[in-house]
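Trainee: Quick one: structure below, then a few questions.
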Amino acid sequence: MIERTPLLNALTHFLLLIALVLSILPIYIVFVASTHDLQTVNKVPMPLWPGDHMFENYQYVWNKAKFGEKLLNSLIVATAVTIGKITIAALSAYSIVYFRYRFRMFFFWLIFITLMLPLEVRIVPTYAVAADVLQPFRLIFEGLGFAIALPEINLLNTYAGLILPLVATATGTFLYRQFFMTIPDELAEAAKMDGAGPWRFLIDILLPLSRTNMAALATIMFVYAWNQYLWPLLITTNPARATATMYLQKLVPGPAFGQPPVWNEAMAGTLLVMAPPLLVVIFMQRWFVRGLISTDK
Amino acid sequence: MDKRVTFANLWLASALIAPQLLLVFVFFYWPASQAVYWAFTTQPPFGGGNEWIGFENFRAIFTDRVYWNSVSVSLIFSALTTALSLSMGLLMALLVDRRLKGYSVYRFLYFWPYAIAAPAVGLAFRFIFAPEAGILSAINTFYPNLWNPALKGGDALALIVFANSWKMVAYNFIFFLAGLQSIPRSLIEAAALDGASVVRRVRDIQLPLLAPTFFFLLMVNITESFVDSFGIVDITTGGGPARATDIMVYKIFSDGFKGLDYSMAAAQSLVLMFLVISLTFIQFRFVERRIHYT
């Protein structure tokens, strides 16, 4: 569209620039702070140009604070949540859309409702379940009058405990369902006519078609799982199972203590936690935006 | 809505859906029902089963001034972050949607903050706004103690509002931009031919057509500020100073896991669940119906 609005254009550019500075400056400051020694970083105001202590700060955080191990844990958890979610959601959506049985819609709603209550608001009882996963079944059996001795399985301080509750939401199921509904019936009809069973249809036709959905779901699930804070904070007391995001709070003394944090090291840790999801978003931008918009809406 | 062609293998169908239902049952429905049970019971001090006490826990929290403080802090926090991040996100989306030179660079960079974990955002902002180091401390050299989130409640609240808004602006921007891009270009061009200025087109075409996106984001932002802000609060202010940033989620956490009072924490969880569900319900029932898409 050709339109001459020089004044408005100048204003637009100006505001766009301010918004850009506001969006990116905090990330930049974290980076700059992580490259100075303690004395420089505590100067008021802090220099806005990177210093030359970057290597030692990161080395300290990586080795001494054992951040490498925590980053690996985060990577394991985030990857497992992503894969688990993609698989389980695809299977359950397939069952709901492509089979006809009595409780189908009931199951769908049962799963769908979980979207309403995030983990944070039911955190206390979820913790109790994680401490003894088979407890619900034991109590139900007891209530029914069976005496079956189920073992106590404690998920605190385990990868399973970090992963499973994050997989137990409806985000992906809903996304797949919406997508499966748009696939023309003729496709299933043709597949059936050619003698393909339900497995064959799923593996050879449906899943290859859902590739874009999977990519979108994978990016947002990875970022979501990596950024989890409250849940890992609760269930890991053993530092060997701590995730990087949760371990950030160990790098700084709590706000209650008067002692000022060692800022350059804290910022190096912050940057290490920020980087992986940021990279995912930068390189998978298209999928990320797509995933975000189609799962939330 | 149903598929015309379906498969008949019922065993397979149940096997496919079983893992999801199992997870949802163990980690969602069971804990949620436990929360209800705990909210209406109390644990005797010397062990033994829970005792049914009806609404006693709720009476206790609703007569507690500390609880009402946390409710009002949550409401203020929620109102401020929602207003700030919605208006900024909308403005940025409108500006980018003008598609002047270089707009794709802005579009690319504006949503970075959303990828960053809440505690990392919190820590970054705690540094930038620290009273003794960082950037904003510069004003303290001119006016000593003008800014100190470690001591002043208002400053601490401002700090978590900024941090949470910074993250949410990016999210709102993505949705507003997607909403703007779904408005047919021909509509805007027709208005331009009729002589409507840029501002006029924003006011009379783009904003009204963004209404569904706006209400959707309103609900998401309120929910998010009630629930997801835990990471930011925990690492920047820890609910302090003097409970000035003690939002509801944070209080549940500190009562349940620091105070080890499960019944009280469960009662508070239930109130929060009720709030979040009502918001979702409003979004589904009310907003989706009243607002028409093009």
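Scheme for the structure tokens: letters A, B, ... for chains in order shown; per-chain residue numbers from 1; ligand numbers from 1 in order shown.
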Could you list the residues in chain B lying within 6 Å of chain A, using only C-alpha atoms, and format the result as a PyMOL selection string?

Mentor: chain B and resi 6-7+13+16-17+23-24+27+31+35+115-117+120+133-135+138+237-238+269

Trainee: Could you dump the residues just selected with N, CA and C atoms as a compact mmCIF listing (two decimals), in the first residue's frame?

Mentor:
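result_11.txt, written as the output of this step:
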```
# COMPACT_ATOMS: atom_id res chain seq x y z
N THR B 6 -14.61 -45.30 10.96
CA THR B 6 -13.89 -45.57 12.20
C THR B 6 -13.46 -47.02 12.23
N PHE B 7 -12.57 -47.31 13.16
CA PHE B 7 -12.12 -48.69 13.33
C PHE B 7 -12.91 -49.34 14.45
N ALA B 13 -8.45 -49.57 21.00
CA ALA B 13 -8.88 -48.22 21.38
C ALA B 13 -8.64 -47.96 22.85
N LEU B 16 -4.91 -47.65 23.58
CA LEU B 16 -4.32 -46.39 23.12
C LEU B 16 -4.57 -45.24 24.08
N ILE B 17 -5.75 -45.25 24.68
CA ILE B 17 -6.10 -44.11 25.53
C ILE B 17 -5.69 -44.36 26.98
N LEU B 23 -2.35 -41.42 33.61
CA LEU B 23 -1.58 -40.26 34.07
C LEU B 23 -2.49 -39.18 34.61
N VAL B 24 -3.55 -38.93 33.86
CA VAL B 24 -4.47 -37.87 34.27
C VAL B 24 -5.13 -38.22 35.59
N PHE B 27 -2.15 -38.09 38.45
CA PHE B 27 -1.54 -36.81 38.72
C PHE B 27 -2.49 -35.62 38.61
N PRO B 31 -5.05 -36.02 42.93
CA PRO B 31 -4.61 -34.88 43.75
C PRO B 31 -5.70 -33.84 43.93
N ALA B 35 -7.15 -32.66 47.47
CA ALA B 35 -7.16 -31.27 47.93
C ALA B 35 -8.51 -30.95 48.55
N ALA B 115 10.39 -16.95 25.89
CA ALA B 115 11.05 -18.25 25.98
C ALA B 115 11.79 -18.43 27.30
N ILE B 116 11.97 -17.35 28.03
CA ILE B 116 12.86 -17.41 29.20
C ILE B 116 12.11 -17.83 30.45
N ALA B 117 12.74 -18.72 31.22
CA ALA B 117 12.12 -19.26 32.43
C ALA B 117 11.86 -18.15 33.44
N ALA B 120 14.62 -17.24 35.84
CA ALA B 120 15.72 -16.54 35.18
C ALA B 120 15.34 -15.08 34.95
N ALA B 133 23.57 -2.67 43.20
CA ALA B 133 24.36 -2.90 41.99
C ALA B 133 23.42 -2.79 40.80
N GLY B 134 23.91 -3.17 39.63
CA GLY B 134 23.03 -3.19 38.47
C GLY B 134 22.81 -1.82 37.87
N ILE B 135 21.63 -1.59 37.29
CA ILE B 135 21.40 -0.39 36.51
C ILE B 135 20.64 0.67 37.30
N ALA B 138 21.72 3.41 40.04
CA ALA B 138 22.31 4.72 39.74
C ALA B 138 21.49 5.84 40.37
N THR B 237 11.72 -11.71 45.40
CA THR B 237 11.35 -11.08 46.66
C THR B 237 11.05 -12.09 47.76
N GLY B 238 10.76 -13.32 47.40
CA GLY B 238 10.41 -14.32 48.42
C GLY B 238 9.18 -13.92 49.22
N SER B 269 -5.67 -23.72 48.14
CA SER B 269 -5.61 -24.23 46.78
C SER B 269 -7.00 -24.26 46.16
```

Trainee: Per DSSP on the backbone, filter region 211-269 of chain A down to the residues in alpha helix (DSSP H) and report them as an NGL selection string.

Mentor: :A and (211-226 or 230-235 or 244-251 or 263-269)

Trainee: Have a look at CA of Val202 (chain B) and CA of Leu94 (chain B) and let me know their distance in Å, one decimal.

Mentor: 7.9 Å

Trainee: If we count only C-alpha atoms, what is near Asp97 (chain B) at a cut-off of 8 Å, once residues fewer than 4 positions away on the same chain are taken out, given as a ChimeraX atom specification?

Mentor: /B:93,103,177,180-181

Trainee: Counting only C-alpha atoms, figure out which residue out of A:Tyr176, A:Phe146, A:Phe222, A:Trp231 gets nearest to Leu206 (chain A).

Mentor: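 Under the stated criterion, the closest residue is A:Tyr176.
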
Trainee: Which residues are near Thr213 (chain B)? Cut-off 8 Å, only C-alpha atoms, ignore same chain within fewer than 5 positions. Put them as a list in words.

Mentor: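 With the cut-off at 8 Å, the set is Phe175, Phe176 and Gly179 of chain B.
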
Trainee: For the structure I just gave you, how does DSSP split region 33-199 of chain B - specifically, which residues are strand (DSSP E)? Reply as number ranges by chain.

Mentor: B: 41-42, 51-52

Trainee: Using the selection just defined, write its residues with N, CA and C atoms as a PDB file, in the first residue's frame.

Mentor:
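Result file is result_31.pdb:
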```
ATOM      1  N   THR B  41     -10.883 -31.334  56.177  1.00  0.00           N
ATOM      2  CA  THR B  41     -10.485 -32.144  57.328  1.00  0.00           C
ATOM      3  C   THR B  41      -9.290 -31.498  58.021  1.00  0.00           C
ATOM      4  N   THR B  42      -8.940 -32.057  59.156  1.00  0.00           N
ATOM      5  CA  THR B  42      -7.729 -31.580  59.815  1.00  0.00           C
ATOM      6  C   THR B  42      -6.975 -32.782  60.357  1.00  0.00           C
ATOM      7  N   GLU B  51      -9.602 -35.780  60.498  1.00  0.00           N
ATOM      8  CA  GLU B  51     -10.893 -35.568  61.129  1.00  0.00           C
ATOM      9  C   GLU B  51     -11.716 -34.604  60.285  1.00  0.00           C
ATOM     10  N   TRP B  52     -12.975 -34.916  60.099  1.00  0.00           N
ATOM     11  CA  TRP B  52     -13.832 -34.062  59.290  1.00  0.00           C
ATOM     12  C   TRP B  52     -14.215 -32.817  60.074  1.00  0.00           C
TER      13      TRP B  52
END
```

Trainee: Take CA of Met273 (chain B) and CA of Gly259 (chain B) and report the distance between them in Å, one decimal.

Mentor: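 CA of Gly259 (chain B) lies at a distance of 20.7 Å from CA of Met273 (chain B).
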
Trainee: Neighbouring residues of Tyr58 (chain A) were defined as those with any atom within 10 Å, considering only C-alpha atoms; residues of the same chain fewer than 2 positions away were excluded. Please report them as a PDB file with C-alpha atoms, in the first residue's frame.

Mentor:
```pdb
ATOM      1  CA  SER A  34      28.334 -12.364  33.373  1.00  0.00           C
ATOM      2  CA  THR A  35      31.575 -11.216  31.720  1.00  0.00           C
ATOM      3  CA  HIS A  53      36.224 -12.375  32.770  1.00  0.00           C
ATOM      4  CA  MET A  54      33.643 -14.314  30.889  1.00  0.00           C
ATOM      5  CA  PHE A  55      35.609 -17.548  30.801  1.00  0.00           C
ATOM      6  CA  GLU A  56      36.296 -17.794  34.534  1.00  0.00           C
ATOM      7  CA  TYR A  60      33.057 -21.408  37.981  1.00  0.00           C
ATOM      8  CA  VAL A  61      29.361 -21.904  37.433  1.00  0.00           C
ATOM      9  CA  TRP A  62      29.880 -24.960  35.285  1.00  0.00           C
ATOM     10  CA  ASN A  63      32.350 -26.765  37.558  1.00  0.00           C
ATOM     11  CA  LYS A  64      32.163 -25.449  41.078  1.00  0.00           C
ATOM     12  CA  ALA A  65      28.421 -24.944  41.209  1.00  0.00           C
ATOM     13  CA  PHE A  67      25.819 -26.504  36.733  1.00  0.00           C
ATOM     14  CA  ASN A 264      28.576 -12.005  37.960  1.00  0.00           C
ATOM     15  CA  GLU A 265      28.317 -15.718  38.710  1.00  0.00           C
ATOM     16  CA  ALA A 266      24.582 -15.548  39.243  1.00  0.00           C
ATOM     17  CA  MET A 267      24.168 -13.877  35.864  1.00  0.00           C
ATOM     18  CA  ALA A 268      26.362 -16.491  34.178  1.00  0.00           C
ATOM     19  CA  GLY A 269      24.029 -19.153  35.593  1.00  0.00           C
ATOM     20  CA  LEU A 271      22.319 -16.975  30.943  1.00  0.00           C
ATOM     21  CA  LEU A 272      22.973 -20.714  30.867  1.00  0.00           C
TER      22      LEU A 272
END
```

Trainee: Measure the distance from CA of Leu90 (chain B) to CA of Asn172 (chain B) in Å and round it to one decimal.

Mentor: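 Computed distance, CA of Leu90 (chain B) to CA of Asn172 (chain B), equals 7.2 Å.
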
Trainee: Given only C-alpha atoms as the basis, pick out the residue of A:Ala80, A:Met284, A:Ala244, A:Ile86 nearest to Lys66 (chain A).

Mentor: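 Residue with the minimum atom-to-atom distance to Lys66 (chain A): A:Ala244.
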
Trainee: Under the rule that only C-alpha atoms are counted, which of B:Asn69, B:Gln20, B:Gln206, B:Thr223 is the nearest residue to Thr171 (chain A)?

Mentor: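 Closest candidate: B:Gln20.
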